[in-house]
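Worksheet for the structure shown next.
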Amino acid sequence: MHTENLTEILRQHPFLAGLSETHMQVLIGCASNVRFAEGAPLIHEGEIANKFYLVRAGRIALETDVNARGKIRIQTVGPGDVLGWSWLISPYRWHFNALAVADVRAVALDGECLRKKCEDDRDFGYEMLSRFSQVMERRLEATRIQLLDLYTTDPGARV
Amino acid sequence: MTHETVHAPAASREGVRLYPVTVKKVIWETDDTFTLQIDLGALGDTFSFLPGQFNMLYVFGLGEAAISISSDASESGTLAHTIHRVGTVTSGLAQVKRGDVIGLRGPFGTGWPITAARGKDVCIVAGGIGLAPLRPVMYAMLQERTAFERIILLYGARSPLDILYRVELEEWAKEHNVEVLVTVDRGDSSWKGYIGVVTTLFSYIKLDARATVGYLCGPETMMKYTIDEMGRRGLAEDQIYLSMERNMKCAVGFCGHCQYGPEFICKDGPVFALPRIRHLLDRKEL
């Protein structure tokens with residue numbers, strides 16, 4: 001794919017809204033367009049986390065193995081979402097499995113390449129970290145609500 | 001926008017009289033939630049309700065429970081209530097069979113302000129059994145589909161097995177141009193839909209904040225986070241309406257059982273414009 005097309009695709013992704021042209025050019029050198037058919041794995045738990053994905057279309061399920069209970073599906077991500085931040089945090093290993101549950105189109109960003117660019121250009125590194133912090137904060141909030149098990153009726157409301 | 005709440009005509013709020021009605025059909029929607037279809041008999045000639053209102057259903061010898069009406073308000077002679085079996089009375093209701101007689105008082109409370117959404121987009125956010133009181137709104141809007149712009153339904157359930165009205169959800173999406181997004185808190189490998197809390201679904205829709213009315217019904221915590229999410233997306237508070245839930249006894253504002261600050265959920269609600277109760281939502285003692 002032409003770099004111009006990829007730049008346009010990246011510009012349209014909510015995660016990169018408002019990113020400066022300079023930083024976009026830094027980022028684009030680590031980006032590639034990818035597709036995954038339904039059922040294809042994107043991430044394997046325990047393996048080295050060397051990339052993240054900006055999802056453009058489709059749906060990806062995050063799963064984890066819980067011994068006797070088998071694979072538990074925890075969360076899905078879809079268009080406009082970001083998949084994966086373990087590439088950013090030592091020891092750079094995935095904590096979940098991820099697989100496409102509907103055909104996926106995404107942009108893959110090479111984690112090793114980006115880490116080096118973050119080290120070389122601290123402004124760029126700060127920009128990435130602040131954007132990922134927001135993703136993490138929203139994901140954490142959603143997980144907290146999920147843990148509340150809201151649809152269980154309160155004892156006081158049982159009639 | 002001036003927010004409004006729809007009150008029923010005064011005559012239909014004189015609801016202390018109990019009417020015997022006959023169970024026509026029992027439909028199990030999930031393992032613990034069922035819909036009772038009721039034949040109103042002679043009452044059917046005069047009974048009418050607003051989408052969002054509730055009835056008190058009486059199981060003889062057990063007691064009463066406030067249950068939202070989940071059927072089409074334009075149908076006469078029959079009613080449906082979708083009930084989550086969680087306590088003594090609702091377990092009693094779960095035991096009734098076709099032909100059994102139960103008691104009914106109602107209808108009570110305020111309705112959804114459907115006219116406020118005419119010519120606009122509507123974003124309905126429901127959680128769990130909260131979809132039941134919103135179903136009559138869907139019926140009403142679909143009967144004059146062209147009077148509304150986009151209709152978006154974001155629905156969260158505990159698990160795929162807890163999803164209510166599956167067939168209708170599909171039908172609304174396919175045949176009535178409703179944007180239906182369903183998510184569950186807990187999925188398994190057979191579930192290919194969304195997993196996560198209902199607020200995460202906002203990432204997958206684009207809201208025209210100035211031209212959207214929001215209707216919310218579900219657990220209070222879910223509604224609080226939904227209000228925050230709608231606020232982030234620019235919806236003004238007077239464009240948001242929500243249905244509150246409390247245990248109700250008299251249903252006519254006498255007993256105080258459902259008092260919520262200065263409001264009585266049974267007669268001032270259950271449907272409120274958000275500005276009216278915004279200051280009460282974060283109070284722990286309520």
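As shown in the structure tokens, the chain order sets the letters A, B, ...; within each chain, residues go from 1, and ligands are also counted from 1 in the order they appear.
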Strand (DSSP E) per DSSP on the backbone: members of stretch 56-222 of chain B, as an MDAnalysis selection string: chainID B and resid 56:59 63:68 78:84 101:108 121:127 151:157 178:184 194:195 212:217
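Within 12 Å of A:Trp87, once only C-alpha atoms are used and residues closer than 6 positions along the same chain are dropped, the contacting residues are Ile43, Glu47, Ile48, Ala49, Asn50, Lys51, Phe52, Tyr53, Arg93, Trp94, His95, Ala108, Leu109, Asp110, Gly111, Glu112, Cys113, Leu114, Arg115, Lys116, Met128, Leu129 and Phe132 of chain A.
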Given only C-alpha atoms as the counted atoms, nearest of A:Glu141, A:Asp103, A:Glu119, A:Asp81 to B:Tyr204: A:Asp81
Nearest candidate to A:Thr76 (options A:Ala100, A:Ala37, A:Leu62, A:Ile89; using only C-alpha atoms): A:Leu62
At a cut-off of 12 Å, can you tabulate as a Markdown table every residue of chain A near chain B together with its closest atom pair and the distance in Å to one decimal, using only C-alpha atoms and ordering rows by chain then number?
| residue | atom | partner | partner_atom | distance |
| --- | --- | --- | --- | --- |
| A:His13 | CA | B:Ser203 | CA | 11.8 |
| A:Pro14 | CA | B:Ser203 | CA | 9.6 |
| A:Phe15 | CA | B:Ser203 | CA | 11.4 |
| A:Glu38 | CA | B:Lys192 | CA | 9.9 |
| A:Gly39 | CA | B:Lys192 | CA | 10.2 |
| A:Val55 | CA | B:Tyr204 | CA | 11.6 |
| A:Arg56 | CA | B:Tyr204 | CA | 11.0 |
| A:Ala57 | CA | B:Tyr204 | CA | 10.3 |
| A:Gly58 | CA | B:Gly193 | CA | 10.6 |
| A:Arg59 | CA | B:Tyr194 | CA | 7.9 |
| A:Ile60 | CA | B:Tyr194 | CA | 9.0 |
| A:Ala61 | CA | B:Ile195 | CA | 7.8 |
| A:Leu62 | CA | B:Ile195 | CA | 9.1 |
| A:Glu63 | CA | B:Ser189 | CA | 8.8 |
| A:Thr64 | CA | B:Asp188 | CA | 11.0 |
| A:Asp65 | CA | B:Ser189 | CA | 11.7 |
| A:Arg69 | CA | B:Asp188 | CA | 10.5 |
| A:Gly70 | CA | B:Ser189 | CA | 9.6 |
| A:Lys71 | CA | B:Ser189 | CA | 7.4 |
| A:Ile72 | CA | B:Asp188 | CA | 6.1 |
| A:Arg73 | CA | B:Asp188 | CA | 5.4 |
| A:Ile74 | CA | B:Arg186 | CA | 6.6 |
| A:Gln75 | CA | B:Ile195 | CA | 4.6 |
| A:Thr76 | CA | B:Ile195 | CA | 5.0 |
| A:Val77 | CA | B:Tyr194 | CA | 7.7 |
| A:Gly78 | CA | B:Tyr204 | CA | 7.5 |
| A:Pro79 | CA | B:Tyr204 | CA | 6.7 |
| A:Gly80 | CA | B:Ser203 | CA | 7.1 |
| A:Asp81 | CA | B:Ser203 | CA | 7.8 |
| A:Val82 | CA | B:Ser203 | CA | 11.3 |
| A:Ala98 | CA | B:Ser189 | CA | 11.8 |
| A:Leu99 | CA | B:Ser189 | CA | 10.6 |
| A:Ala100 | CA | B:Lys192 | CA | 9.3 |
| A:Val101 | CA | B:Lys192 | CA | 5.7 |
| A:Ala102 | CA | B:Lys192 | CA | 7.5 |
| A:Asp103 | CA | B:Lys192 | CA | 11.3 |
| A:Val135 | CA | B:Thr200 | CA | 11.8 |
| A:Arg138 | CA | B:Thr200 | CA | 8.9 |
| A:Arg139 | CA | B:Thr200 | CA | 8.8 |
| A:Leu140 | CA | B:Gly196 | CA | 11.3 |
| A:Glu141 | CA | B:Tyr225 | CA | 9.6 |
| A:Ala142 | CA | B:Val197 | CA | 6.2 |
| A:Thr143 | CA | B:Gly196 | CA | 7.7 |
| A:Arg144 | CA | B:Val197 | CA | 9.5 |
| A:Ile145 | CA | B:Val197 | CA | 6.9 |
| A:Gln146 | CA | B:Val197 | CA | 5.8 |
| A:Leu147 | CA | B:Asp185 | CA | 8.7 |
| A:Leu148 | CA | B:Thr221 | CA | 9.2 |
| A:Asp149 | CA | B:Arg158 | CA | 7.5 |
| A:Leu150 | CA | B:Pro219 | CA | 6.3 |
| A:Tyr151 | CA | B:Gly128 | CA | 5.8 |
| A:Thr152 | CA | B:Arg158 | CA | 8.4 |
| A:Thr153 | CA | B:Val86 | CA | 7.2 |
| A:Asp154 | CA | B:Val86 | CA | 9.3 |
| A:Pro155 | CA | B:Val86 | CA | 8.8 |
| A:Gly156 | CA | B:Asn247 | CA | 8.3 |
| A:Ala157 | CA | B:Asn247 | CA | 6.1 |
| A:Arg158 | CA | B:Gly87 | CA | 4.6 |
| A:Val159 | CA | B:Gly87 | CA | 4.3 |
Shell of 8 Å around stretch 25-31 of chain B, only C-alpha atoms, local chain residues under 6 positions omitted, as a ChimeraX atom specification: /B:37-38,97-98,161-165
Emit the selected residues as a PDB file, in the first residue's frame, including N, CA and C atoms.
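And here is the file that came out, out-v8.pdb:
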ATOM      1  N   GLN B  37     -48.314 -12.761  29.426  1.00  0.00           N
ATOM      2  CA  GLN B  37     -49.310 -12.090  28.593  1.00  0.00           C
ATOM      3  C   GLN B  37     -50.644 -12.211  29.299  1.00  0.00           C
ATOM      4  N   ILE B  38     -51.306 -11.096  29.424  1.00  0.00           N
ATOM      5  CA  ILE B  38     -52.518 -11.035  30.239  1.00  0.00           C
ATOM      6  C   ILE B  38     -53.720 -10.635  29.401  1.00  0.00           C
ATOM      7  N   LYS B  97     -49.892 -20.181  35.526  1.00  0.00           N
ATOM      8  CA  LYS B  97     -50.061 -20.865  34.236  1.00  0.00           C
ATOM      9  C   LYS B  97     -51.209 -20.224  33.456  1.00  0.00           C
ATOM     10  N   ARG B  98     -51.284 -20.604  32.223  1.00  0.00           N
ATOM     11  CA  ARG B  98     -52.370 -20.115  31.367  1.00  0.00           C
ATOM     12  C   ARG B  98     -53.716 -20.386  32.038  1.00  0.00           C
ATOM     13  N   LEU B 161     -26.915 -15.704  27.293  1.00  0.00           N
ATOM     14  CA  LEU B 161     -28.151 -16.396  27.678  1.00  0.00           C
ATOM     15  C   LEU B 161     -29.160 -15.466  28.340  1.00  0.00           C
ATOM     16  N   ASP B 162     -28.704 -14.282  28.723  1.00  0.00           N
ATOM     17  CA  ASP B 162     -29.588 -13.332  29.409  1.00  0.00           C
ATOM     18  C   ASP B 162     -30.166 -12.265  28.487  1.00  0.00           C
ATOM     19  N   ILE B 163     -29.925 -12.404  27.201  1.00  0.00           N
ATOM     20  CA  ILE B 163     -30.425 -11.393  26.262  1.00  0.00           C
ATOM     21  C   ILE B 163     -31.931 -11.567  26.059  1.00  0.00           C
ATOM     22  N   LEU B 164     -32.651 -10.484  26.261  1.00  0.00           N
ATOM     23  CA  LEU B 164     -34.111 -10.515  26.102  1.00  0.00           C
ATOM     24  C   LEU B 164     -34.507 -10.238  24.657  1.00  0.00           C
ATOM     25  N   TYR B 165     -35.651 -10.728  24.272  1.00  0.00           N
ATOM     26  CA  TYR B 165     -36.302 -10.400  22.994  1.00  0.00           C
ATOM     27  C   TYR B 165     -35.360 -10.546  21.792  1.00  0.00           C
TER      28      TYR B 165
END
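Using only C-alpha atoms, the contacts of B:Gly109 at a cut-off of 9 Å, with sequence neighbours closer than 6 positions omitted, comprise Val6, His7, Ala8, Arg13, Leu50, Gly52, Gln53, Phe54, Asn55, Ala251, Val252, Ile265, Cys266, Lys267, Asp268, Gly269, Pro270 and Val271 of chain B.
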Backbone-only DSSP, helix (DSSP H, G or I) members of stretch 5-122 of chain B, as an NGL selection string: :B and (10-13 or 41-45 or 88-95 or 114-117)
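As for atom CA of B:Ile277 and atom CA of B:Val182, they are spaced 27.6 Å apart.
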Between atom CA of A:Asp123 and atom CA of A:Leu54, distance in Å (one decimal): 21.0 Å
